[in-house]
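Dumped target.json below, it's JSON, C-alpha atoms:
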[["chain", "number", "residue", "atom", "x", "y", "z"],
["Z", 30, "PRO", "CA", 104.39, 42.09, 68.35],
["Z", 31, "LEU", "CA", 107.76, 40.78, 67.11],
["Z", 32, "SER", "CA", 109.42, 41.10, 70.52],
["Z", 33, "ALA", "CA", 106.65, 39.03, 72.16],
["Z", 34, "LEU", "CA", 107.02, 36.36, 69.49],
["Z", 35, "HIS", "CA", 110.78, 36.27, 70.08],
["Z", 36, "VAL", "CA", 110.19, 35.82, 73.81],
["Z", 37, "CYS", "CA", 107.93, 32.88, 72.91],
["Z", 38, "LYS", "CA", 110.77, 31.35, 70.97],
["Z", 39, "LEU", "CA", 113.09, 31.74, 73.98],
["Z", 40, "ILE", "CA", 110.46, 30.26, 76.30],
["Z", 41, "LYS", "CA", 110.27, 27.19, 74.09],
["Z", 42, "GLU", "CA", 114.06, 26.89, 74.00],
["Z", 43, "ALA", "CA", 114.16, 27.18, 77.81],
["Z", 44, "GLY", "CA", 111.97, 24.10, 78.08],
["Z", 45, "PHE", "CA", 108.66, 25.48, 79.34],
["Z", 46, "PRO", "CA", 105.90, 22.83, 79.03],
["Z", 47, "PRO", "CA", 103.54, 23.44, 76.08],
["Z", 48, "GLY", "CA", 100.56, 25.60, 77.01],
["Z", 49, "VAL", "CA", 102.11, 27.39, 79.97],
["Z", 50, "VAL", "CA", 102.67, 30.57, 77.94],
["Z", 51, "ASN", "CA", 100.51, 31.40, 74.92],
["Z", 52, "VAL", "CA", 100.72, 34.40, 72.61],
["Z", 53, "VAL", "CA", 97.67, 35.41, 70.60],
["Z", 54, "ASN", "CA", 98.29, 38.00, 67.88],
["Z", 55, "GLY", "CA", 95.58, 40.42, 66.84],
["Z", 56, "TYR", "CA", 94.12, 43.90, 67.08],
["Z", 57, "GLY", "CA", 92.23, 45.23, 70.08],
["Z", 58, "VAL", "CA", 89.02, 44.52, 68.19],
["Z", 59, "PRO", "CA", 88.17, 41.72, 67.85],
["Z", 60, "THR", "CA", 91.04, 39.80, 69.53],
["Z", 61, "GLY", "CA", 91.57, 41.89, 72.67],
["Z", 62, "GLU", "CA", 87.87, 42.36, 73.27],
["Z", 63, "TYR", "CA", 87.25, 38.63, 72.86],
["Z", 64, "LEU", "CA", 89.80, 37.84, 75.57],
["Z", 65, "ALA", "CA", 88.42, 40.56, 77.83],
["Z", 66, "ARG", "CA", 84.86, 39.22, 77.48],
["Z", 67, "HIS", "CA", 85.68, 35.53, 77.74],
["Z", 68, "ARG", "CA", 84.32, 34.01, 80.93],
["Z", 69, "ASP", "CA", 87.15, 31.51, 81.24],
["Z", 70, "VAL", "CA", 89.62, 34.38, 81.57],
["Z", 71, "SER", "CA", 89.78, 35.46, 85.21],
["Z", 72, "LYS", "CA", 92.41, 38.20, 85.03],
["Z", 73, "ILE", "CA", 93.42, 40.83, 82.44],
["Z", 74, "ALA", "CA", 96.53, 43.03, 82.65],
["Z", 75, "PHE", "CA", 96.27, 45.85, 80.14],
["Z", 76, "THR", "CA", 98.86, 48.42, 79.08],
["Z", 77, "GLY", "CA", 97.64, 51.20, 76.81],
["Z", 78, "SER", "CA", 95.40, 54.23, 76.65],
["Z", 79, "THR", "CA", 93.14, 55.45, 79.44],
["Z", 80, "ALA", "CA", 90.17, 55.32, 77.06],
["Z", 81, "VAL", "CA", 90.64, 51.59, 76.46],
["Z", 82, "GLY", "CA", 91.28, 51.11, 80.19],
["Z", 83, "HIS", "CA", 87.77, 52.42, 80.84],
["Z", 84, "GLN", "CA", 86.44, 49.95, 78.27],
["Z", 85, "MET", "CA", 88.26, 47.08, 79.99],
["Z", 86, "LEU", "CA", 86.58, 47.85, 83.31],
["Z", 87, "LYS", "CA", 83.20, 48.19, 81.59],
["Z", 88, "ILE", "CA", 83.61, 44.81, 79.88],
["Z", 89, "SER", "CA", 84.60, 43.23, 83.20],
["Z", 90, "SER", "CA", 81.45, 44.61, 84.82],
["Z", 91, "GLU", "CA", 79.33, 43.22, 81.98],
["Z", 92, "THR", "CA", 80.78, 39.70, 82.06],
["Z", 93, "ASN", "CA", 82.39, 37.74, 84.90],
["Z", 94, "LEU", "CA", 83.81, 40.62, 86.98],
["Z", 95, "LYS", "CA", 87.32, 39.44, 86.13],
["Z", 96, "ARG", "CA", 90.15, 41.27, 87.81],
["Z", 97, "VAL", "CA", 91.71, 43.99, 85.69],
["Z", 98, "SER", "CA", 95.04, 45.72, 86.33],
["Z", 99, "LEU", "CA", 95.80, 48.77, 84.23],
["Z", 100, "GLU", "CA", 98.95, 50.66, 83.24],
["Z", 101, "LEU", "CA", 97.57, 53.58, 81.26],
["Z", 102, "GLY", "CA", 98.42, 57.06, 80.03],
["Z", 103, "GLY", "CA", 100.23, 59.88, 81.74],
["Z", 104, "LYS", "CA", 100.95, 63.59, 81.75],
["Z", 105, "SER", "CA", 103.92, 63.43, 84.05],
["Z", 106, "PRO", "CA", 105.25, 66.62, 85.66],
["Z", 107, "MET", "CA", 108.94, 67.40, 85.92],
["Z", 108, "ILE", "CA", 109.83, 70.02, 88.54],
["Z", 109, "VAL", "CA", 113.14, 71.90, 88.27],
["Z", 110, "PHE", "CA", 113.98, 73.98, 91.34],
["Z", 111, "ASP", "CA", 116.35, 76.96, 91.38],
["Z", 112, "ASP", "CA", 119.00, 74.93, 93.20],
["Z", 113, "ALA", "CA", 118.98, 72.10, 90.65],
["Z", 114, "ASP", "CA", 122.15, 70.97, 88.94],
["Z", 115, "LEU", "CA", 121.42, 72.42, 85.52],
["Z", 116, "GLU", "CA", 123.14, 69.69, 83.53],
["Z", 117, "THR", "CA", 121.18, 67.03, 85.39],
["Z", 118, "ALA", "CA", 117.95, 68.93, 84.77],
["Z", 119, "LEU", "CA", 118.65, 69.36, 81.06],
["Z", 120, "ALA", "CA", 119.69, 65.77, 80.48],
["Z", 121, "THR", "CA", 116.69, 64.48, 82.43],
["Z", 122, "ALA", "CA", 114.19, 66.70, 80.62],
["Z", 123, "HIS", "CA", 115.66, 65.82, 77.24],
["Z", 124, "MET", "CA", 115.51, 62.07, 77.74],
["Z", 125, "GLY", "CA", 112.23, 62.28, 79.64],
["Z", 126, "GLN", "CA", 110.42, 63.86, 76.72],
["Z", 127, "PHE", "CA", 112.19, 62.81, 73.52],
["Z", 128, "LEU", "CA", 113.00, 59.17, 74.29],
["Z", 129, "ASN", "CA", 111.30, 56.87, 71.77],
["Z", 130, "GLN", "CA", 109.92, 59.86, 69.81],
["Z", 131, "GLY", "CA", 107.96, 60.89, 72.93],
["Z", 132, "GLN", "CA", 105.94, 57.69, 72.75],
["Z", 133, "VAL", "CA", 106.44, 56.86, 76.42],
["Z", 134, "CYS", "CA", 103.61, 56.59, 78.96],
["Z", 135, "CYS", "CA", 105.70, 58.25, 81.69],
["Z", 136, "ALA", "CA", 107.20, 60.97, 79.46],
["Z", 137, "SER", "CA", 107.95, 64.21, 81.34],
["Z", 138, "SER", "CA", 105.69, 66.22, 79.05],
["Z", 139, "ARG", "CA", 104.96, 69.03, 81.55],
["Z", 140, "VAL", "CA", 108.19, 70.71, 82.67],
["Z", 141, "PHE", "CA", 107.84, 73.19, 85.54],
["Z", 142, "VAL", "CA", 110.91, 75.41, 85.97],
["Z", 143, "GLN", "CA", 111.43, 77.81, 88.86],
["Z", 144, "GLU", "CA", 111.85, 81.40, 87.76],
["Z", 145, "GLY", "CA", 115.47, 81.75, 88.93],
["Z", 146, "VAL", "CA", 116.76, 79.24, 86.36],
["Z", 147, "TYR", "CA", 113.92, 79.45, 83.84],
["Z", 148, "GLU", "CA", 115.62, 81.54, 81.14],
["Z", 149, "LYS", "CA", 118.86, 79.57, 81.15],
["Z", 150, "PHE", "CA", 117.06, 76.23, 81.24],
["Z", 151, "VAL", "CA", 114.77, 77.13, 78.33],
["Z", 152, "GLN", "CA", 117.65, 78.40, 76.22],
["Z", 153, "GLU", "CA", 119.65, 75.21, 76.67],
["Z", 154, "VAL", "CA", 116.80, 72.71, 76.41],
["Z", 155, "VAL", "CA", 115.62, 74.31, 73.16],
["Z", 156, "LYS", "CA", 119.13, 74.06, 71.71],
["Z", 157, "ARG", "CA", 119.31, 70.37, 72.56],
["Z", 158, "ALA", "CA", 115.90, 69.70, 71.06],
["Z", 159, "HIS", "CA", 116.82, 71.59, 67.90],
["Z", 160, "ASP", "CA", 120.01, 69.54, 67.52],
["Z", 161, "ILE", "CA", 118.29, 66.14, 67.69],
["Z", 162, "LYS", "CA", 119.19, 64.10, 64.62],
["Z", 163, "LEU", "CA", 116.16, 62.50, 62.96],
["Z", 164, "GLY", "CA", 116.18, 59.53, 60.65],
["Z", 165, "SER", "CA", 115.80, 55.80, 60.32],
["Z", 166, "PHE", "CA", 117.66, 53.83, 62.98],
["Z", 167, "THR", "CA", 118.83, 51.46, 60.24],
["Z", 168, "ASP", "CA", 120.71, 54.27, 58.49],
["Z", 169, "GLY", "CA", 123.21, 55.10, 61.21],
["Z", 170, "PRO", "CA", 123.41, 57.00, 64.50],
["Z", 171, "VAL", "CA", 120.18, 58.95, 64.96],
["Z", 172, "GLU", "CA", 118.33, 60.03, 68.09],
["Z", 173, "GLN", "CA", 114.73, 60.18, 66.90],
["Z", 174, "GLY", "CA", 112.85, 57.99, 64.49],
["Z", 175, "PRO", "CA", 109.32, 58.25, 63.06],
["Z", 176, "GLN", "CA", 106.05, 58.07, 64.99],
["Z", 177, "VAL", "CA", 104.59, 54.59, 65.11],
["Z", 178, "ASP", "CA", 102.00, 55.14, 62.34],
["Z", 179, "LYS", "CA", 100.09, 57.77, 60.38],
["Z", 180, "LYS", "CA", 97.27, 57.93, 62.92],
["Z", 181, "GLN", "CA", 99.67, 58.89, 65.69],
["Z", 182, "TYR", "CA", 101.59, 61.21, 63.37],
["Z", 183, "ASP", "CA", 98.41, 63.13, 62.52],
["Z", 184, "LYS", "CA", 97.32, 63.17, 66.16],
["Z", 185, "VAL", "CA", 100.60, 64.74, 67.35],
["Z", 186, "LEU", "CA", 100.53, 67.36, 64.59],
["Z", 187, "GLY", "CA", 96.95, 68.12, 65.58],
["Z", 188, "TYR", "CA", 98.01, 68.79, 69.16],
["Z", 189, "ILE", "CA", 100.82, 71.08, 67.97],
["Z", 190, "LYS", "CA", 98.34, 73.03, 65.85],
["Z", 191, "LYS", "CA", 95.95, 73.29, 68.79],
["Z", 192, "GLY", "CA", 98.71, 74.47, 71.11],
["Z", 193, "LYS", "CA", 99.54, 77.33, 68.74],
["Z", 194, "LYS", "CA", 95.87, 78.21, 68.33],
["Z", 195, "GLU", "CA", 95.33, 78.37, 72.10],
["Z", 196, "GLY", "CA", 98.23, 80.78, 72.59],
["Z", 197, "ALA", "CA", 101.31, 78.74, 73.46],
["Z", 198, "LYS", "CA", 104.58, 79.77, 71.82],
["Z", 199, "ILE", "CA", 106.85, 77.41, 69.89],
["Z", 200, "LEU", "CA", 110.59, 77.94, 70.31],
["Z", 201, "THR", "CA", 111.71, 75.07, 68.10],
["Z", 202, "GLY", "CA", 110.04, 72.51, 65.84],
["Z", 203, "GLY", "CA", 106.33, 72.68, 65.34],
["Z", 204, "GLY", "CA", 105.69, 70.54, 62.27],
["Z", 205, "PRO", "CA", 106.75, 67.67, 60.00],
["Z", 206, "SER", "CA", 110.50, 67.20, 59.64],
["Z", 207, "GLY", "CA", 110.54, 67.05, 55.84],
["Z", 208, "LEU", "CA", 111.90, 63.51, 55.82],
["Z", 209, "LYS", "CA", 109.97, 60.77, 54.07],
["Z", 210, "GLY", "CA", 107.87, 59.02, 56.67],
["Z", 211, "TYR", "CA", 106.12, 59.94, 59.88],
["Z", 212, "PHE", "CA", 108.86, 62.18, 61.26],
["Z", 213, "ILE", "CA", 107.94, 65.16, 63.46],
["Z", 214, "GLN", "CA", 110.31, 67.91, 64.52],
["Z", 215, "PRO", "CA", 111.15, 67.89, 68.24],
["Z", 216, "THR", "CA", 108.92, 70.66, 69.53],
["Z", 217, "VAL", "CA", 109.20, 72.88, 72.60],
["Z", 218, "PHE", "CA", 106.30, 75.07, 73.78],
["Z", 219, "VAL", "CA", 106.53, 77.90, 76.34],
["Z", 220, "ASP", "CA", 103.85, 80.27, 77.67],
["Z", 221, "VAL", "CA", 101.71, 77.19, 78.34],
["Z", 222, "THR", "CA", 98.84, 77.47, 80.82],
["Z", 223, "ASP", "CA", 97.07, 74.72, 82.74],
["Z", 224, "ASP", "CA", 93.82, 75.11, 80.79],
["Z", 225, "MET", "CA", 95.37, 74.48, 77.37],
["Z", 226, "THR", "CA", 94.72, 71.19, 75.63],
["Z", 227, "ILE", "CA", 98.43, 70.42, 75.30],
["Z", 228, "ALA", "CA", 98.76, 70.81, 79.08],
["Z", 229, "LYS", "CA", 95.90, 68.45, 79.86],
["Z", 230, "GLU", "CA", 95.91, 65.65, 77.30],
["Z", 231, "GLU", "CA", 98.52, 63.00, 76.61],
["Z", 232, "ILE", "CA", 100.18, 63.85, 73.28],
["Z", 233, "PHE", "CA", 102.44, 60.78, 73.03],
["Z", 234, "GLY", "CA", 104.90, 62.51, 70.74],
["Z", 235, "PRO", "CA", 108.05, 64.72, 70.77],
["Z", 236, "VAL", "CA", 106.32, 67.76, 72.28],
["Z", 237, "MET", "CA", 107.60, 69.42, 75.47],
["Z", 238, "CYS", "CA", 105.51, 71.97, 77.39],
["Z", 239, "ILE", "CA", 107.41, 74.31, 79.74],
["Z", 240, "PHE", "CA", 105.83, 76.27, 82.59],
["Z", 241, "LYS", "CA", 107.39, 78.89, 84.89],
["Z", 242, "PHE", "CA", 106.67, 78.77, 88.63],
["Z", 243, "ARG", "CA", 107.60, 80.79, 91.72],
["Z", 244, "THR", "CA", 106.86, 78.78, 94.88],
["Z", 245, "GLU", "CA", 106.87, 75.17, 96.00],
["Z", 246, "GLU", "CA", 103.20, 75.32, 96.99],
["Z", 247, "GLU", "CA", 102.27, 76.67, 93.57],
["Z", 248, "VAL", "CA", 104.07, 73.96, 91.62],
["Z", 249, "ILE", "CA", 102.69, 71.11, 93.72],
["Z", 250, "LYS", "CA", 99.18, 72.32, 92.97],
["Z", 251, "GLN", "CA", 99.97, 72.59, 89.25],
["Z", 252, "ALA", "CA", 101.70, 69.21, 89.10],
["Z", 253, "ASN", "CA", 98.65, 67.51, 90.62],
["Z", 254, "ASN", "CA", 96.21, 69.38, 88.36],
["Z", 255, "THR", "CA", 95.77, 66.46, 85.99],
["Z", 256, "LEU", "CA", 93.62, 63.38, 85.49],
["Z", 257, "TYR", "CA", 96.77, 61.29, 85.39],
["Z", 258, "GLY", "CA", 99.23, 60.12, 88.00],
["Z", 259, "LEU", "CA", 101.76, 57.74, 86.51],
["Z", 260, "ALA", "CA", 105.11, 59.37, 87.28],
["Z", 261, "ALA", "CA", 106.88, 62.58, 88.24],
["Z", 262, "ILE", "CA", 110.43, 63.93, 88.26],
["Z", 263, "ILE", "CA", 112.00, 66.35, 90.75],
["Z", 264, "VAL", "CA", 115.40, 67.97, 90.25],
["Z", 265, "SER", "CA", 116.93, 69.68, 93.28],
["Z", 266, "ARG", "CA", 120.12, 69.57, 95.33],
["Z", 267, "ASN", "CA", 117.98, 69.81, 98.47],
["Z", 268, "VAL", "CA", 117.06, 66.17, 99.01],
["Z", 269, "ALA", "CA", 114.88, 66.93, 102.05],
["Z", 270, "ARG", "CA", 112.75, 69.32, 99.99],
["Z", 271, "ALA", "CA", 112.65, 66.90, 97.08],
["Z", 272, "MET", "CA", 111.40, 64.13, 99.37],
["Z", 273, "SER", "CA", 108.78, 66.42, 100.88],
["Z", 274, "VAL", "CA", 107.50, 67.37, 97.43],
["Z", 275, "ALA", "CA", 107.59, 63.74, 96.27],
["Z", 276, "ASN", "CA", 105.29, 62.79, 99.15],
["Z", 277, "GLN", "CA", 102.77, 65.42, 98.00],
["Z", 278, "ILE", "CA", 102.79, 64.52, 94.30],
["Z", 279, "GLN", "CA", 99.95, 62.23, 93.23],
["Z", 280, "ALA", "CA", 101.96, 59.78, 91.15],
["Z", 281, "GLY", "CA", 102.89, 56.13, 91.40],
["Z", 282, "THR", "CA", 106.60, 56.72, 90.74],
["Z", 283, "VAL", "CA", 108.67, 59.80, 91.56],
["Z", 284, "TRP", "CA", 112.25, 60.05, 90.31],
["Z", 285, "ILE", "CA", 114.56, 62.52, 92.04],
["Z", 286, "ASN", "CA", 117.55, 63.79, 90.04],
["Z", 287, "THR", "CA", 117.13, 60.95, 87.54],
["Z", 288, "TYR", "CA", 114.63, 59.55, 85.05],
["Z", 289, "GLY", "CA", 113.53, 56.14, 83.87],
["Z", 290, "THR", "CA", 115.28, 54.12, 86.57],
["Z", 291, "PHE", "CA", 113.54, 50.75, 86.58],
["Z", 292, "ASP", "CA", 114.27, 47.52, 88.40],
["Z", 293, "SER", "CA", 112.42, 44.23, 88.78],
["Z", 294, "ASN", "CA", 112.13, 44.95, 92.52],
["Z", 295, "ILE", "CA", 110.65, 48.46, 92.13],
["Z", 296, "PRO", "CA", 106.83, 48.56, 91.74],
["Z", 297, "PHE", "CA", 105.56, 50.61, 88.80],
["Z", 298, "GLY", "CA", 102.01, 51.79, 88.23],
["Z", 299, "GLY", "CA", 99.71, 54.78, 88.37],
["Z", 300, "TYR", "CA", 97.35, 56.84, 90.47],
["Z", 301, "LYS", "CA", 94.01, 58.23, 89.24],
["Z", 302, "GLU", "CA", 93.32, 57.62, 85.53],
["Z", 303, "SER", "CA", 96.81, 56.27, 84.94],
["Z", 304, "GLY", "CA", 95.48, 52.96, 86.20],
["Z", 305, "HIS", "CA", 95.72, 50.67, 89.19],
["Z", 306, "GLY", "CA", 97.71, 47.62, 90.17],
["Z", 307, "ARG", "CA", 101.49, 47.41, 89.93],
["Z", 308, "ASP", "CA", 104.04, 45.81, 87.66],
["Z", 309, "LYS", "CA", 107.32, 44.58, 89.17],
["Z", 310, "GLY", "CA", 108.14, 44.13, 92.83],
["Z", 311, "LYS", "CA", 106.23, 41.85, 95.18],
["Z", 312, "GLU", "CA", 103.23, 44.17, 94.80],
["Z", 313, "SER", "CA", 102.87, 42.93, 91.21],
["Z", 314, "LEU", "CA", 101.71, 39.55, 92.55],
["Z", 315, "ASP", "CA", 98.78, 40.98, 94.53],
["Z", 316, "CYS", "CA", 96.34, 41.27, 91.61],
["Z", 317, "TRP", "CA", 97.13, 37.73, 90.43],
["Z", 318, "LEU", "CA", 96.41, 36.01, 93.76],
["Z", 319, "GLU", "CA", 93.26, 35.06, 95.63],
["Z", 320, "THR", "CA", 93.02, 34.80, 99.40],
["Z", 321, "LYS", "CA", 91.23, 31.68, 100.56],
["Z", 322, "THR", "CA", 90.06, 30.98, 104.12],
["Z", 323, "VAL", "CA", 89.68, 27.34, 105.19],
["Z", 324, "VAL", "CA", 88.10, 26.60, 108.59],
["Z", 325, "ILE", "CA", 88.06, 23.16, 110.23],
["Z", 326, "PRO", "CA", 86.87, 22.35, 113.76],
["Z", 327, "MET", "CA", 89.46, 21.00, 116.17],
["Z", 328, "GLU", "CA", 88.59, 17.74, 117.92]]

Translate this file's structure into structure tokens.
Amino acid sequence: PLSALHVCKLIKEAGFPPGVVNVVNGYGVPTGEYLARHRDVSKIAFTGSTAVGHQMLKISSETNLKRVSLELGGKSPMIVFDDADLETALATAHMGQFLNQGQVCCASSRVFVQEGVYEKFVQEVVKRAHDIKLGSFTDGPVEQGPQVDKKQYDKVLGYIKKGKKEGAKILTGGGPSGLKGYFIQPTVFVDVTDDMTIAKEEIFGPVMCIFKFRTEEEVIKQANNTLYGLAAIIVSRNVARAMSVANQIQAGTVWINTYGTFDSNIPFGGYKESGHGRDKGKESLDCWLETKTVVIPME
């Protein structure tokens, strides 16, 4: 919450009238639930887990039917075609999964690699994951810090354990780092199948799952085989094919040959259980506005 409080300080310095922007600190229960249930609140924008998103809609239905826009979880696919620039694919996959300790809603946690480049891609991406420097960001140049708290730390380790139990193979990482704190080794799984828990549920940690595919039709079906639809990444030199695939992927944002490109003019939001409504762009205003019709007879 410190960043929000700092923004409040800047808002005051900028001269906003008192009461225009208010920040209320607190946990989801009771503070968040109180706001969601309050009948004087006519709109809620929630960013967080899909489970809480369901609760938000339920609370809305039980109270004043307030509008609710949701930016929720994801299990975003990254598709690497045989003709991809390998360096672009590796850099994109690395940042897409290990940025912010994997605690990113649009993390590219399911990486689909076409068979022609699969072996080389896996070899290089595992090396990069293995070489990630862990530590406290206050101690010098590091790439990965700790998970946000013990609950998330235990949850991620639980998913890693379940992945191994269900038959996936770990090529690097797979446990605590050994450092004091909630540090987890960057982990890469292969031999992952669509029915495994680590392929279906959002892990929200430094865990990459790699799949091998043969055809475009096959990978589109696999990419869409998820409850989520927040984002997707496609890496290919064939822009026409990439655009065709992007149009068939059920995701609110599709990045081609890049990752994490955001702009205030580009709408961001999800399909399916990744939520509804959009942040940024003119579309972000839609859920905050009401349309009113006024009719008067002409004399």

Exercise. For each of Z:Ala113, Z:Ile232, Z:Cys37, Z:Ala280, take the minimum atom-to-atom distance to Z:Val133, counting all atoms listed in the file, then give the residue where this is smallest.
Key: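 Selected residue with least distance to Z:Val133: Z:Ile232.
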
Quiz item: Skipping near chain neighbours, those fewer than 5 positions away, what residues fall within 8 Å of stretch 161-168 of chain Z using all atoms listed in the file, listed as a list in words?
Solution: Gln173, Gly174, Pro175, Leu208, Phe212 and Pro215 of chain Z

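Taking atom CA of Z:Asp112 and atom CA of Z:Arg266 as the two end points, the separation is 5.9 Å.
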
Exercise. Just give me the gap between atom CA of Z:Ala271 and atom CA of Z:Lys229 in Å, one decimal is fine.
Key: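 Straight-line distance from atom CA of Z:Ala271 to atom CA of Z:Lys229 works out to 24.1 Å.
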
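Considering the residues Z:Glu172, Z:Asp111, Z:Glu195, Z:Glu246 and counting all atoms listed in the file, Z:Gly145 has its shortest atom-to-atom contact with Z:Asp111.
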
Practice problem: Please tell me which residues are no farther than 12 Å from (105.7, 64.0, 78.6) in the file, counting all atoms listed in the file, and write them as a PyMOL selection string. | Solution: chain Z and resi 102-107+121-141+216-217+227-239+257+259-262+288

Exercise. Tell me which of Z:Ile213, Z:Ala80, Z:Leu318, Z:Ile199 sits closest to Z:Lys184, counting all atoms listed in the file.
Key: Z:Ile213

Quiz prompt | Distance criterion (all atoms listed in the file): nearest to Z:Ser265 out of Z:Tyr147, Z:Phe240, Z:Phe110, Z:Phe291 | solution = Z:Phe110

Exercise. Find the distance between atom CA of Z:Asp224 and atom CA of Z:Gln143 and write it in Å to one decimal.
Key: 19.6 Å

Quiz item: From the list Z:Lys321, Z:Val109, Z:Phe45, Z:Arg307, which residue is nearest Z:Glu245 when using only C-alpha atoms?
Solution: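 Going through Z:Lys321, Z:Val109, Z:Phe45, Z:Arg307 one by one, the smallest distance to Z:Glu245 is for Z:Val109.
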
Exercise. Counting all atoms listed in the file, figure out which residue out of Z:Val274, Z:Val142, Z:Ile189, Z:Ile285 gets nearest to Z:Ile108.
Key: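 Using all atoms listed in the file, Z:Ile108 sits closest to Z:Val142.
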
Quiz item: Quick one: residues within 8 Å of Z:Arg66, all atoms listed in the file counted, chain neighbours fewer than 3 positions away excluded, as a PyMOL selection string?
Solution: chain Z and resi 62-63+70+88-89+92-93

Self-check item: Exercise: Z:Lys194 partners within 12 Å, all atoms listed in the file, chain neighbours under 4 positions left out, as a list in words
Solution: Gly187, Tyr188, Ile189, Lys190, Lys198, Ile199, Val221, Met225, Thr226 and Ile227 of chain Z

Practice problem: Pick out the residues sitting within 8 Å of Z:Arg96, and hand them over as a count of residues only; count all atoms listed in the file, and ignore anything fewer than 4 positions along from it in its own chain. | Solution: 5
